[in-house]
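**Q** entry18.cif is reproduced in full below (mmCIF, C-alpha atoms).
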data_final
#
loop_
_atom_site.label_atom_id
_atom_site.label_comp_id
_atom_site.auth_asym_id
_atom_site.auth_seq_id
_atom_site.Cartn_x
_atom_site.Cartn_y
_atom_site.Cartn_z
CA MET A 184 -49.49 -5.93 -10.90
CA LYS A 185 -49.29 -2.17 -11.40
CA LYS A 186 -49.73 -1.60 -7.65
CA ARG A 187 -46.89 -4.04 -6.88
CA LYS A 188 -44.72 -2.28 -9.44
CA ASN A 189 -45.41 1.12 -7.84
CA ILE A 190 -44.63 -0.22 -4.36
CA HIS A 191 -41.24 -1.57 -5.44
CA PHE A 192 -40.36 1.65 -7.24
CA SER A 193 -41.33 3.63 -4.13
CA ILE A 194 -39.00 1.42 -2.04
CA PHE A 195 -36.25 1.83 -4.65
CA TYR A 196 -36.66 5.62 -4.71
CA PHE A 197 -36.81 5.90 -0.90
CA LEU A 198 -33.58 3.91 -0.60
CA LEU A 199 -31.95 6.20 -3.18
CA ILE A 200 -32.98 9.22 -1.11
CA LEU A 201 -31.41 7.60 1.97
CA ALA A 202 -28.25 6.79 0.01
CA VAL A 203 -27.84 10.27 -1.48
CA GLY A 204 -28.64 11.96 1.83
CA SER A 205 -26.24 9.84 3.89
CA ILE A 206 -23.22 9.95 1.54
CA PRO A 207 -21.72 13.18 2.95
CA PHE A 208 -22.01 11.95 6.55
CA THR A 209 -21.19 8.28 6.73
CA LYS A 210 -19.70 5.43 4.74
CA PHE A 211 -21.31 2.72 6.85
CA LEU A 212 -24.98 3.23 5.98
CA LEU A 213 -24.46 2.56 2.27
CA LEU A 214 -23.69 -1.15 2.66
CA PRO A 215 -27.10 -2.05 4.17
CA ILE A 216 -28.81 0.33 1.72
CA THR A 217 -27.00 -1.37 -1.17
CA LEU A 218 -28.09 -4.80 0.04
CA LEU A 219 -31.67 -3.60 0.47
CA LEU A 220 -31.65 -2.13 -3.06
CA PHE A 221 -30.50 -5.48 -4.42
CA LEU A 222 -33.04 -7.39 -2.31
CA ASN A 223 -35.86 -5.14 -3.59
CA PHE A 224 -34.56 -5.70 -7.13
CA ILE A 225 -34.75 -9.50 -6.66
CA VAL A 226 -38.12 -9.57 -4.87
CA GLU A 227 -39.71 -7.26 -7.45
CA GLY A 228 -39.23 -9.82 -10.20
CA ALA A 229 -40.65 -8.47 -13.47
CA TRP A 230 -37.72 -10.10 -15.25
CA LYS A 231 -39.28 -9.85 -18.70
CA GLU A 232 -39.58 -6.07 -18.36
CA LYS A 233 -36.04 -5.75 -17.02
CA LEU A 234 -34.62 -7.91 -19.81
CA ALA A 235 -36.62 -5.88 -22.32
CA ARG A 236 -34.89 -2.72 -21.09
CA LEU A 237 -31.55 -4.38 -21.77
CA LYS A 238 -32.52 -4.54 -25.45
CA ASN A 239 -31.63 -0.87 -25.47
CA PRO A 240 -28.02 -1.17 -26.71
CA LYS A 241 -26.80 1.81 -24.65
CA VAL A 242 -28.29 0.42 -21.42
CA LEU A 243 -26.74 -2.99 -22.04
CA PHE A 244 -23.38 -1.52 -23.03
CA PHE A 245 -23.01 0.71 -19.98
CA MET A 246 -24.25 -1.96 -17.58
CA LEU A 247 -21.66 -4.42 -18.92
CA LEU A 248 -18.96 -1.72 -18.86
CA PHE A 249 -19.60 -0.81 -15.22
CA VAL A 250 -20.13 -4.36 -13.96
CA SER A 251 -17.10 -5.81 -15.78
CA PHE A 252 -14.77 -3.55 -13.80
CA TYR A 253 -15.97 -5.11 -10.53
CA LEU A 254 -15.88 -8.62 -12.02
CA LEU A 255 -12.23 -8.08 -12.95
CA TYR A 256 -11.50 -7.39 -9.29
CA CYS A 257 -13.28 -10.67 -8.50
CA ILE A 258 -10.97 -12.47 -10.93
CA GLY A 259 -8.01 -10.78 -9.24
CA LEU A 260 -9.04 -12.52 -6.02
CA PHE A 261 -7.93 -15.90 -7.40
CA TYR A 262 -4.29 -14.93 -7.91
CA SER A 263 -4.03 -12.98 -4.65
CA SER A 264 -2.11 -14.36 -1.70
CA ASN A 265 -3.91 -12.18 0.84
CA TRP A 266 -7.52 -13.35 0.50
CA ARG A 267 -8.64 -11.52 3.63
CA THR A 268 -7.66 -8.15 2.16
CA ALA A 269 -9.03 -9.16 -1.24
CA LEU A 270 -12.45 -10.04 0.19
CA SER A 271 -12.49 -6.80 2.15
CA SER A 272 -11.70 -4.91 -1.07
CA LEU A 273 -14.52 -6.70 -2.90
CA GLU A 274 -16.93 -5.83 -0.10
CA CYS A 275 -15.86 -2.18 -0.27
CA LYS A 276 -16.44 -2.15 -4.05
CA LEU A 277 -19.67 -4.19 -4.01
CA ILE A 278 -21.75 -1.09 -4.75
CA LEU A 279 -19.84 -0.74 -8.06
CA PHE A 280 -21.53 -4.01 -9.07
CA ILE A 281 -25.01 -3.57 -7.56
CA ALA A 282 -25.70 0.10 -8.36
CA PRO A 283 -25.45 -0.23 -12.18
CA ILE A 284 -27.58 -3.39 -12.26
CA VAL A 285 -30.34 -2.01 -10.03
CA ILE A 286 -30.39 1.54 -11.39
CA LEU A 287 -29.89 0.94 -15.12
CA SER A 288 -32.63 -1.72 -15.22
CA SER A 289 -35.22 0.34 -13.30
CA ASP A 290 -38.36 1.80 -14.89
CA ILE A 291 -37.54 5.21 -16.36
CA SER A 292 -41.21 6.08 -16.85
CA GLN A 293 -41.59 6.55 -13.08
CA PHE A 294 -38.49 8.72 -12.77
CA THR A 295 -40.13 12.11 -13.26
CA GLN A 296 -38.24 15.38 -13.45
CA LYS A 297 -39.51 16.26 -9.98
CA LYS A 298 -38.08 13.04 -8.52
CA VAL A 299 -34.71 13.54 -10.20
CA HIS A 300 -34.41 17.12 -8.96
CA PHE A 301 -35.48 16.12 -5.46
CA LEU A 302 -32.56 13.68 -5.25
CA TRP A 303 -30.09 16.41 -6.19
CA LYS A 304 -31.66 18.82 -3.69
CA VAL A 305 -31.42 16.19 -0.94
CA PHE A 306 -27.69 16.01 -1.63
CA ILE A 307 -27.36 19.81 -1.52
CA PHE A 308 -29.22 19.95 1.81
CA SER A 309 -27.23 17.04 3.28
CA SER A 310 -23.95 18.66 2.21
CA SER A 311 -25.02 21.97 3.78
CA LEU A 312 -25.96 20.19 6.99
CA LEU A 313 -22.58 18.45 6.99
CA ILE A 314 -20.74 21.78 6.79
CA ILE A 315 -22.82 23.34 9.57
CA THR A 316 -22.26 20.27 11.76
CA ASN A 317 -18.50 20.30 11.11
CA LEU A 318 -18.31 24.03 11.86
CA ALA A 319 -20.23 23.52 15.11
CA ILE A 320 -17.92 20.69 16.21
CA SER A 321 -14.82 22.71 15.32
CA LEU A 322 -16.16 25.75 17.15
CA SER A 323 -16.75 23.65 20.25
CA GLU A 324 -13.20 22.25 20.09
CA ALA A 325 -11.73 25.71 19.40
CA ILE A 326 -13.45 27.15 22.48
CA THR A 327 -12.27 24.20 24.57
CA PHE A 328 -8.62 24.44 23.47
CA HIS A 329 -8.52 28.22 22.81
CA ASN A 330 -7.16 27.75 19.29
CA TYR A 331 -9.40 29.18 16.59
CA LYS A 332 -6.98 28.71 13.67
CA LEU A 333 -6.15 25.05 14.17
CA PHE A 334 -9.70 23.73 14.38
CA PHE A 335 -11.01 25.48 11.26
CA PHE A 336 -8.42 24.07 8.90
CA TYR A 337 -7.90 20.85 6.92
CA SER A 338 -8.66 17.58 8.78
CA LYS A 339 -9.71 19.44 11.95
CA LEU A 340 -12.68 20.77 9.98
CA SER A 341 -13.66 17.44 8.41
CA HIS A 342 -14.93 15.19 11.20
CA PHE A 343 -16.66 12.49 9.16
CA MET A 344 -14.13 11.68 6.42
CA HIS A 345 -10.80 12.70 4.89
CA PRO A 346 -10.84 16.30 3.55
CA SER A 347 -10.18 15.14 -0.04
CA TYR A 348 -13.37 13.07 -0.10
CA SER A 349 -15.38 15.76 1.63
CA ALA A 350 -14.15 18.38 -0.87
CA MET A 351 -15.14 16.08 -3.74
CA HIS A 352 -18.69 15.74 -2.38
CA ILE A 353 -19.10 19.46 -1.76
CA THR A 354 -17.83 20.30 -5.26
CA ILE A 355 -20.64 18.25 -6.82
CA ALA A 356 -23.16 19.78 -4.42
CA LEU A 357 -21.94 23.21 -5.59
CA ALA A 358 -22.40 22.13 -9.22
CA PHE A 359 -26.00 21.13 -8.41
CA SER A 360 -26.66 24.52 -6.78
CA LEU A 361 -25.27 26.34 -9.82
CA TYR A 362 -27.43 24.19 -12.10
CA PHE A 363 -30.66 24.95 -10.22
CA LEU A 364 -29.92 28.67 -9.96
CA PHE A 365 -28.70 29.37 -13.49
CA PHE A 366 -29.67 26.54 -15.84
CA ASN A 367 -32.89 24.99 -14.55
CA LYS A 368 -35.79 26.40 -16.56
CA GLN A 369 -38.43 25.53 -13.99
CA ALA A 370 -39.24 28.12 -11.34
CA SER A 371 -38.43 27.29 -7.72
CA PRO A 372 -40.12 28.60 -4.55
CA ARG A 373 -38.53 31.82 -3.30
CA TRP A 374 -37.30 30.25 -0.04
CA GLU A 375 -35.60 27.50 -2.04
CA THR A 376 -33.86 30.03 -4.30
CA TYR A 377 -32.59 31.96 -1.26
CA PHE A 378 -31.31 28.73 0.25
CA LEU A 379 -29.49 27.77 -2.97
CA TYR A 380 -27.85 31.19 -3.17
CA ALA A 381 -26.74 30.82 0.46
CA THR A 382 -25.08 27.48 -0.35
CA LEU A 383 -22.73 29.07 -2.91
CA PRO A 384 -20.51 31.00 -0.45
CA LEU A 385 -20.96 28.23 2.14
CA PHE A 386 -19.62 25.53 -0.19
CA PHE A 387 -16.89 27.77 -1.61
CA ILE A 388 -15.50 28.87 1.76
CA TYR A 389 -15.67 25.35 3.19
CA ILE A 390 -13.65 23.86 0.32
CA ILE A 391 -11.01 26.58 0.77
CA LEU A 392 -10.84 25.92 4.52
CA LEU A 393 -10.49 22.18 3.92
CA GLN A 394 -7.27 22.96 2.02
CA SER A 395 -7.54 19.81 -0.06
CA LYS A 396 -5.14 20.64 -2.89
CA ALA A 397 -7.12 18.64 -5.44
CA GLY A 398 -10.37 20.08 -4.05
CA ILE A 399 -9.21 23.69 -4.47
CA LEU A 400 -7.88 23.11 -7.98
CA ILE A 401 -11.10 21.36 -9.04
CA LEU A 402 -13.16 24.13 -7.44
CA GLY A 403 -11.21 26.65 -9.50
CA PHE A 404 -11.80 24.56 -12.62
CA LEU A 405 -15.55 24.35 -11.90
CA ILE A 406 -15.89 28.10 -11.40
CA PHE A 407 -13.77 28.76 -14.50
CA ILE A 408 -15.84 26.48 -16.76
CA PHE A 409 -19.16 27.69 -15.34
CA THR A 410 -18.33 31.39 -15.70
CA LEU A 411 -16.85 30.99 -19.19
CA PHE A 412 -19.93 29.07 -20.30
CA TYR A 413 -22.27 31.59 -18.70
CA ILE A 414 -20.49 34.55 -20.34
CA ASN A 415 -20.97 32.95 -23.76
CA ARG A 416 -24.36 31.38 -23.07
CA LYS A 417 -26.36 33.45 -25.58
CA LYS A 418 -23.61 34.90 -27.76
CA ARG A 419 -19.86 34.45 -28.22
CA TYR A 420 -17.97 37.21 -26.38
CA PHE A 421 -14.30 36.64 -27.20
CA PHE A 422 -12.97 39.82 -25.59
CA ARG A 423 -14.89 39.26 -22.33
CA SER A 424 -13.74 35.65 -22.31
CA PHE A 425 -10.12 36.72 -22.82
CA ILE A 426 -10.32 39.23 -19.95
CA PHE A 427 -11.90 36.60 -17.70
CA ILE A 428 -9.24 33.99 -18.52
CA LEU A 429 -6.50 36.55 -17.86
CA ALA A 430 -8.09 37.44 -14.51
CA VAL A 431 -8.26 33.75 -13.57
CA LEU A 432 -4.59 33.21 -14.39
CA LEU A 433 -3.57 36.22 -12.30
CA ALA A 434 -5.77 35.09 -9.40
CA GLY A 435 -4.31 31.58 -9.63
CA TYR A 436 -0.77 32.97 -9.55
CA PHE A 437 -1.58 35.08 -6.49
CA VAL A 438 -3.25 32.21 -4.63
CA ILE A 439 -0.48 29.68 -5.28
CA PHE A 440 2.63 31.85 -4.99
CA LYS A 441 1.74 34.87 -2.87
CA PHE A 442 -0.63 33.54 -0.23
CA SER A 443 1.41 32.58 2.80
CA ALA A 444 2.00 29.06 4.12
CA PRO A 445 1.25 26.96 6.16
CA PHE A 446 -2.40 27.69 5.39
CA ASN A 447 -1.68 27.54 1.67
CA ARG A 448 -1.02 23.89 0.90
CA LEU A 449 -0.91 24.62 -2.84
CA HIS A 450 2.24 26.67 -2.30
CA ILE A 451 3.79 23.88 -0.25
CA ALA A 452 2.90 21.38 -2.99
CA TRP A 453 4.48 23.58 -5.66
CA GLU A 454 7.70 23.85 -3.67
CA ALA A 455 7.79 20.06 -3.25
CA ILE A 456 7.36 19.53 -7.01
CA SER A 457 9.72 22.30 -8.18
CA THR A 458 12.49 21.51 -5.69
CA PRO A 459 12.38 17.76 -5.04
CA LYS A 460 14.32 16.47 -2.07
CA GLU A 461 16.90 13.74 -2.39
CA GLY A 462 15.51 10.62 -0.82
CA THR A 463 12.08 10.12 0.66
CA GLU A 464 12.74 10.83 4.28
CA GLN A 465 13.89 14.45 4.03
CA ALA A 466 10.29 15.65 3.79
CA ASN A 467 7.02 14.28 5.04
CA ASP A 468 4.58 16.67 3.41
CA GLY A 469 1.77 15.08 1.41
CA THR A 470 3.10 16.00 -2.04
CA SER A 471 6.65 14.72 -1.44
CA LEU A 472 5.31 11.47 -0.05
CA ARG A 473 2.96 11.03 -2.98
CA LEU A 474 5.75 11.55 -5.48
CA ALA A 475 7.82 8.86 -3.76
CA VAL A 476 4.88 6.43 -3.44
CA TRP A 477 3.84 6.98 -7.07
CA GLN A 478 7.30 6.04 -8.28
CA VAL A 479 7.27 2.85 -6.22
CA SER A 480 3.73 1.97 -7.36
CA PHE A 481 4.58 2.49 -11.03
CA ASP A 482 7.78 0.43 -10.77
CA LEU A 483 5.90 -2.44 -9.12
CA GLY A 484 3.10 -2.22 -11.68
CA VAL A 485 5.56 -2.51 -14.57
CA LYS A 486 7.37 -5.35 -12.82
CA ASN A 487 4.13 -7.33 -12.45
CA LEU A 488 2.79 -6.89 -15.99
CA PRO A 489 0.50 -7.90 -17.57
CA PHE A 490 -1.97 -9.04 -14.87
CA GLY A 491 -0.83 -7.18 -11.73
CA VAL A 492 -0.36 -8.62 -8.27
CA GLY A 493 -4.02 -9.41 -7.59
CA THR A 494 -6.89 -7.74 -5.74
CA GLY A 495 -5.59 -8.38 -2.24
CA ASP A 496 -1.83 -7.99 -2.59
CA THR A 497 -1.32 -4.36 -3.66
CA ASN A 498 -0.65 -2.93 -0.20
CA ASP A 499 1.43 -5.95 0.82
CA GLU A 500 3.70 -5.45 -2.20
CA LEU A 501 3.96 -1.72 -1.52
CA VAL A 502 4.85 -2.27 2.15
CA LYS A 503 7.45 -4.85 1.16
CA ARG A 504 9.05 -2.36 -1.23
CA TYR A 505 8.92 0.45 1.39
CA ARG A 506 10.83 -1.81 3.74
CA GLU A 507 13.43 -2.75 1.11
CA ASP A 508 13.99 0.92 0.20
CA ASN A 509 14.10 2.02 3.86
CA MET A 510 11.15 4.38 3.39
CA THR A 511 10.44 4.45 7.12
CA TYR A 512 7.77 7.16 7.19
CA VAL A 513 5.51 5.67 4.49
CA LEU A 514 6.23 2.21 5.88
CA LYS A 515 4.90 3.31 9.25
CA LYS A 516 1.77 4.72 7.58
CA GLU A 517 1.47 1.71 5.22
CA LEU A 518 0.30 4.08 2.49
CA ASN A 519 -1.49 2.79 -0.58
CA ALA A 520 -0.61 4.17 -4.03
CA HIS A 521 -2.55 7.41 -3.40
CA ASN A 522 -3.43 7.36 -7.08
CA GLN A 523 -6.32 5.23 -8.32
CA TYR A 524 -4.78 4.71 -11.75
CA LEU A 525 -1.58 3.32 -10.23
CA GLN A 526 -3.51 1.37 -7.58
CA THR A 527 -5.60 -0.39 -10.24
CA PHE A 528 -2.60 -0.82 -12.54
CA LEU A 529 -0.67 -2.53 -9.76
CA ALA A 530 -3.61 -4.73 -8.76
CA LEU A 531 -5.03 -5.74 -12.15
CA GLY A 532 -2.42 -4.82 -14.73
CA ILE A 533 -3.10 -3.56 -18.24
CA LEU A 534 -6.72 -4.75 -18.48
CA GLY A 535 -7.49 -3.14 -15.13
CA ILE A 536 -6.24 0.31 -16.06
CA LEU A 537 -7.94 0.11 -19.49
CA LEU A 538 -11.28 -0.79 -17.89
CA LEU A 539 -10.90 1.93 -15.26
CA LEU A 540 -10.30 4.56 -17.95
CA ALA A 541 -13.17 3.22 -20.10
CA HIS A 542 -15.42 3.27 -17.02
CA PHE A 543 -15.30 7.08 -17.07
CA ILE A 544 -13.91 8.24 -20.43
CA ILE A 545 -16.68 6.61 -22.50
CA PRO A 546 -19.50 8.14 -20.39
CA LEU A 547 -17.62 11.46 -20.57
CA ILE A 548 -17.66 11.32 -24.39
CA TYR A 549 -21.42 10.71 -24.35
CA ALA A 550 -21.96 13.43 -21.74
CA VAL A 551 -20.10 15.95 -23.92
CA LYS A 552 -22.06 14.80 -26.97
CA TYR A 553 -25.40 15.18 -25.14
CA ARG A 554 -24.29 18.36 -23.30
CA GLN A 555 -24.86 16.93 -19.84
CA TRP A 556 -22.91 19.63 -18.01
CA VAL A 557 -23.25 18.41 -14.44
CA TYR A 558 -22.32 14.86 -15.48
CA ILE A 559 -19.26 16.28 -17.25
CA ILE A 560 -18.24 18.14 -14.07
CA PHE A 561 -18.82 14.97 -12.03
CA ILE A 562 -16.62 12.77 -14.24
CA ILE A 563 -13.82 15.34 -14.51
CA THR A 564 -13.92 15.80 -10.72
CA ILE A 565 -13.54 12.04 -10.25
CA LEU A 566 -10.77 11.68 -12.85
CA LEU A 567 -8.76 14.52 -11.28
CA ASN A 568 -9.23 13.18 -7.75
CA PHE A 569 -8.01 9.78 -8.96
CA LEU A 570 -4.64 11.44 -9.62
CA VAL A 571 -4.02 12.10 -5.92
CA GLU A 572 -6.12 9.54 -4.04
CA SER A 573 -7.00 5.86 -4.38
CA MET A 574 -10.68 6.80 -4.29
CA LEU A 575 -12.04 3.31 -4.94
CA GLU A 576 -10.15 1.77 -2.03
CA ARG A 577 -12.38 3.45 0.56
CA ARG A 578 -16.15 3.45 0.96
CA ASP A 579 -16.15 7.26 1.10
CA GLY A 580 -15.18 7.15 -2.56
CA THR A 581 -16.88 4.03 -3.91
CA ASN A 582 -20.28 4.86 -2.40
CA PHE A 583 -20.39 8.34 -3.89
CA ILE A 584 -18.91 7.41 -7.28
CA ALA A 585 -20.99 4.28 -7.88
CA ILE A 586 -24.37 5.78 -6.95
CA PHE A 587 -23.97 9.06 -8.82
CA ASN A 588 -22.23 7.61 -11.87
CA ALA A 589 -25.00 5.04 -12.37
CA LEU A 590 -27.72 7.66 -11.84
CA PHE A 591 -26.17 10.22 -14.18
CA CYS A 592 -25.56 7.62 -16.88
CA TYR A 593 -29.06 6.12 -16.54
CA LEU A 594 -30.77 9.49 -16.88
CA MET A 595 -28.49 10.59 -19.72
CA ILE A 596 -29.27 7.47 -21.74
CA TYR A 597 -33.03 7.81 -21.46
CA LYS A 598 -33.03 11.56 -21.95
CA HIS A 599 -31.86 10.98 -25.49
CA ASP A 600 -33.87 7.84 -26.15
CA LYS A 601 -37.37 8.18 -27.59
CA GLU A 602 -40.27 9.92 -25.98
CA GLU A 603 -40.14 8.16 -22.62
CA ALA A 604 -37.26 10.32 -21.40
CA PRO A 605 -37.83 12.76 -18.53
CA SER A 606 -37.31 16.40 -19.51
CA TYR A 607 -34.35 17.35 -17.34
CA VAL A 608 -30.82 18.53 -17.85
CA ALA A 609 -28.36 17.53 -15.15
#
Kindly return the structure encoded in the file as structure tokens.

**A**
Amino acid sequence: MKKRKNIHFSIFYFLLILAVGSIPFTKFLLLPITLLLFLNFIVEGAWKEKLARLKNPKVLFFMLLFVSFYLLYCIGLFYSSNWRTALSSLECKLILFIAPIVILSSDISQFTQKKVHFLWKVFIFSSSLLIITNLAISLSEAITFHNYKLFFFYSKLSHFMHPSYSAMHITIALAFSLYFLFFNKQASPRWETYFLYATLPLFFIYIILLQSKAGILILGFLIFIFTLFYINRKKRYFFRSFIFILAVLLAGYFVIFKFSAPFNRLHIAWEAISTPKEGTEQANDGTSLRLAVWQVSFDLGVKNLPFGVGTGDTNDELVKRYREDNMTYVLKKELNAHNQYLQTFLALGILGILLLLAHFIIPLIYAVKYRQWVYIIFIITILLNFLVESMLERRDGTNFIAIFNALFCYLMIYKHDKEEAPSYVA
């Protein structure tokens, strides 16, 4: 029995390694991995042990919280007109259902500190490999077309997914590197330390080159929080903290307002917000389009209260409204809400937006309470990215968010639950 248990955990852990390692590169590998995780979960059996783990009130609460969000999307299927799109959406979000069930009910006693840290290091290595691969592809294209500026900027430097999603992944990889270098109490081999130090400028420069506006702002937030915490790690230094905050504000002003466009998309975004154009077709930059699409999404969400339009009809309703308002550019692109809060609000109404917020705000409260710094950075990164992208409408977002959110929450719960918890902080 024990041997069978060890075999199934080994399969579970191997599949997690594959999932974490493949996330930066591809969205397609996660679906078969997810199905294999669920199949291993079913074949393993041991239902009495799994049900016994659910007697832990925190485990049961978070599992129900995470799973109920997906189930609400399933309910939204039944009042959708476009079942084809609805089923596709449910398939895309399937990992939001499977990951919490499989991960939160797994045996924590086998999840040693070494295994946890290895998963995070796999993600750091995979993210580094992604950047090197993207740089190599861009260099090849730059040599071919004799244009070295174009191919090392924004989407031309992100060959596997949209820059916003790539920046989100790299930000968390950077948080892991900072954790291992400055907060992990266990010594690492010298070669590993050198590698982690090398990832810091690599990740930083890559996010800047991607020019994802949300990515750059979140990167600045991460560095700000990390440095402020590190300054006051052993003792409160109010004067040093004040000087640092002042320096950050000055640097932010210089970056946003003084660094020249077009390679400063933050400046372009500020101009779009501060001097809005009349109508939606006088500008086609990302910020102006988002502002127009957000207004339409909110209006439709309010119009379809309290239950929304259904899982499959959000984009159909948006396209219909684009056509009525003669928004030709966004109509041609058939843009979604480009804001996960509005996307969910339009699809599932009041209950949908409340569950979405609870899905992350409640774990964030616990993470702050238990001082789980990397989990805090992860949740804040997700919540901020939700403001500018419908992250759960694409596998690039759902795969990353579901796997890491379930893992972080699972380890946080058991870290503060009796003596069986692994001694780690991440």

**Q** Point out the residue among A:Tyr256, A:Phe561, A:Tyr262, A:Phe308 with the least atom-to-atom distance to A:Leu590, counting all atoms listed in the file.

**A** A:Phe561

**Q** If you measure from atom CA of A:Tyr549 to atom CA of A:Phe387, what distance in Å do you get, rounded to one decimal?

**A**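 One can read the atom CA of A:Tyr549 to atom CA of A:Phe387 distance as 28.8 Å.
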
**Q** Determine the residue set returned by the PyMOL selection byres ((chain A and resi 321-327) around 12) for the present structure, and present it as a list in words.

**A**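 Selected by the PyMOL selection byres ((chain A and resi 321-327) around 12) here: Ile314, Ile315, Thr316, Asn317, Leu318, Ala319, Ile320, Phe328, His329, Asn330, Tyr331, Lys332, Leu333, Phe334, Phe335, Phe336, Tyr337, Ser338, Lys339, Leu340, Ser341, His342 and Leu392 of chain A.
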
**Q** So what does the PyMOL selection byres ((chain A and resi 369) around 12) actually pick up in this one, as JSON, numbers by chain?

**A** {"A": [296, 297, 300, 362, 363, 364, 365, 366, 367, 368, 370, 371, 372, 376, 606, 607, 608]}

**Q** Is there a way to get, as a PyMOL selection string, all residues within 6 Å of the point (-28.9, 13.0, -0.8) in file coordinates, counting all atoms listed in the file?

**A** chain A and resi 200+203-204+302+305-306+309

**Q** Which residue gives the smallest distance to A:Glu227 among A:Thr410, A:Ser193, A:Asn487, A:Asn509, with all atoms listed in the file counted?

**A**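 Answer, going by the shortest atom-to-atom distance: A:Ser193.
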